[in-house]
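See below for the structure under consideration.
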Amino acid sequence: MRRAAILLALPQLAIALPRAGDAIPAVEVVDVDGKTRALADPRRALLIFYEDKDAGAQNRRARALLGPITDRADNRARFELVAVADVEKWDFWPARKYVIDELRATERREQTRIWCDWKGRVRRALGLTRGKSGVVLVGGDGRCRFAGEGPLTDAQIADLMRRLDELGVIVK
């Protein structure tokens with residue numbers, strides 16, 4: 001009986017952030033129109049920014065530094081920025097409709113697609129903490145190249161830039 005209780009609790013426990021070289025678990029996200037996609041892409045690397053509505057400000061500096069890199073046309077074949085919203089706590093009627101409306105407005109304003117984690121599966125699979133901004137770089141081979149959580153330090157940003165450079169991304 002005791003063993004069963006422990007096994008039932010395991011899926012609820014957060015795992016640690018993936019380390020460089022770790023395989024990323026197969027997880028999917030969905031956009032505001034219901035289209036799904038995997039968070040691994042054999043064609044290119046994915047730079048995942050995972051945030052809830054309160055964590056968005058934590059990595060403004062990192063996003064500002066990465067903006068010119070993601071905007072370069074010659075980098076688009078090498079990597080893709082994937083914005084994922086942690087919306088698990090809003091996965092009920094009628095809140096879901098309002099969240100989708102807000103995400104659509106943000107997509108238009110920011111000119112980027114926002115993917116949704118309605119069930120918290122991505123957060124748990126990547127070992128992320130609710131309320132913290134998560135940044136995970138996944139290579140085309142499905143392996144983690146970088147993972148950080150909360151406001152990234154200068155050293156973490158430099159490491160992320162090195163990892164992008166290793167993947168052939170033009171970072172200058």
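We name chains A, B, ... following the order of the structure tokens; residues begin at 1 in each chain, and ligands are numbered from 1 as shown.
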Inset, instruction - Excluding segment 140-148 of chain A and residues on its chain fewer than 3 positions from it, collect all residues at most 7 Å away from it, counting only C-alpha atoms, and give them as a list in words. - result: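 The residues that qualify are Leu17, Pro18, Arg19, Ala20, Gly21, Asp22, Ala23, Ile24, Ala40, Asp41, Pro42, Arg43, Arg44, Ala45, Gly134, Val135, Val136, Leu137, Leu152, Leu160 and Arg163 of chain A.
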Legend entry - Sel. of strand (DSSP E) residues, segment 74-159 of chain A, as a PyMOL selection string: chain A and resi 79-86+114-117+134-138+144-149
Inset, instruction - Compare A:Glu166, A:Asp54, A:Asp33, A:Asp117 by their minimum atom-to-atom distance to Lys97 of chain A, counting only C-alpha atoms, and give me the closest one. - result: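 Among A:Glu166, A:Asp54, A:Asp33, A:Asp117, it is A:Asp33 that comes nearest to Lys97 of chain A.
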Inset, instruction - Excluding Trp90 of chain A and any residue of its chain fewer than 3 positions from it, enumerate the residues within 10 Å of it, using only C-alpha atoms, and give them as JSON, numbers by chain. - result: {"A": [86, 87, 93, 94, 95, 96, 97, 98, 99, 100, 118, 119]}
Inset, instruction - Could you please determine the separation between atom CA of Trp115 of chain A and atom CA of Asp159 of chain A in Å, to one decimal place? - result: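 For atom CA of Trp115 of chain A relative to atom CA of Asp159 of chain A, the distance reads 25.4 Å.
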Legend entry - Among the residues A:Glu28, A:Leu128, A:Ser133, A:Leu81, the one that comes closest to Thr112 of chain A [using only C-alpha atoms]: A:Leu81
Inset, instruction - Between atom CA of Arg104 of chain A and atom CA of Leu65 of chain A, measure the distance and give it in Å to one decimal. - result: 24.5 Å
Inset, instruction - Report the distance between atom CA of Phe79 of chain A and atom CA of Arg130 of chain A in Å, rounded to one decimal place. - result: 25.7 Å
Legend entry - Arg60 of chain A surroundings by only C-alpha atoms, 12 Å radius, close-in-sequence under 3 positions cut, as a VMD selection string: chain A and resid 49 51 55 to 57 63 to 67 133 135 150 to 153 157
Might you pull out every residue within 10 Å of Ala38 of chain A, with only C-alpha atoms counted and same-chain residues fewer than 3 positions away left off, and present them as a PDB file with C-alpha atoms, in the first residue's frame?
ATOM      1  CA  PRO A  25      10.943  14.060 -23.365  1.00  0.00           C
ATOM      2  CA  ALA A  26       8.380  13.925 -26.167  1.00  0.00           C
ATOM      3  CA  VAL A  27       5.852  16.644 -25.369  1.00  0.00           C
ATOM      4  CA  GLU A  28       3.473  18.679 -27.476  1.00  0.00           C
ATOM      5  CA  VAL A  29       1.992  22.139 -27.244  1.00  0.00           C
ATOM      6  CA  VAL A  30      -1.069  23.581 -28.950  1.00  0.00           C
ATOM      7  CA  ASP A  41      12.251  19.366 -34.506  1.00  0.00           C
TER       8      ASP A  41
END
Inset, instruction - Would you please extract all alpha helix (DSSP H) residues from chain A, as assigned by DSSP on the backbone, and give them as a PyMOL selection string? - result: chain A and resi 2-9+60-71+95-110+121-125+154-166
Inset, instruction - Would you please work out which residue, of A:Cys116, A:Leu39, A:Ala16, A:Val82, is nearest to Asp52 of chain A when using only C-alpha atoms? - result: A:Cys116
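Restricting the calculation to only C-alpha atoms, the smallest distance between Glu102 of chain A and any of A:Arg78, A:Lys172, A:Arg162, A:Lys53 is found for A:Lys53.
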Inset, instruction - Pick out the closest residue to Asp154 of chain A from this set: A:Lys35, A:Gly168, A:Tyr50, A:Asn59. Count only C-alpha atoms. - result: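 Checking each of A:Lys35, A:Gly168, A:Tyr50, A:Asn59 against Asp154 of chain A, counting only C-alpha atoms, the winner is A:Asn59.
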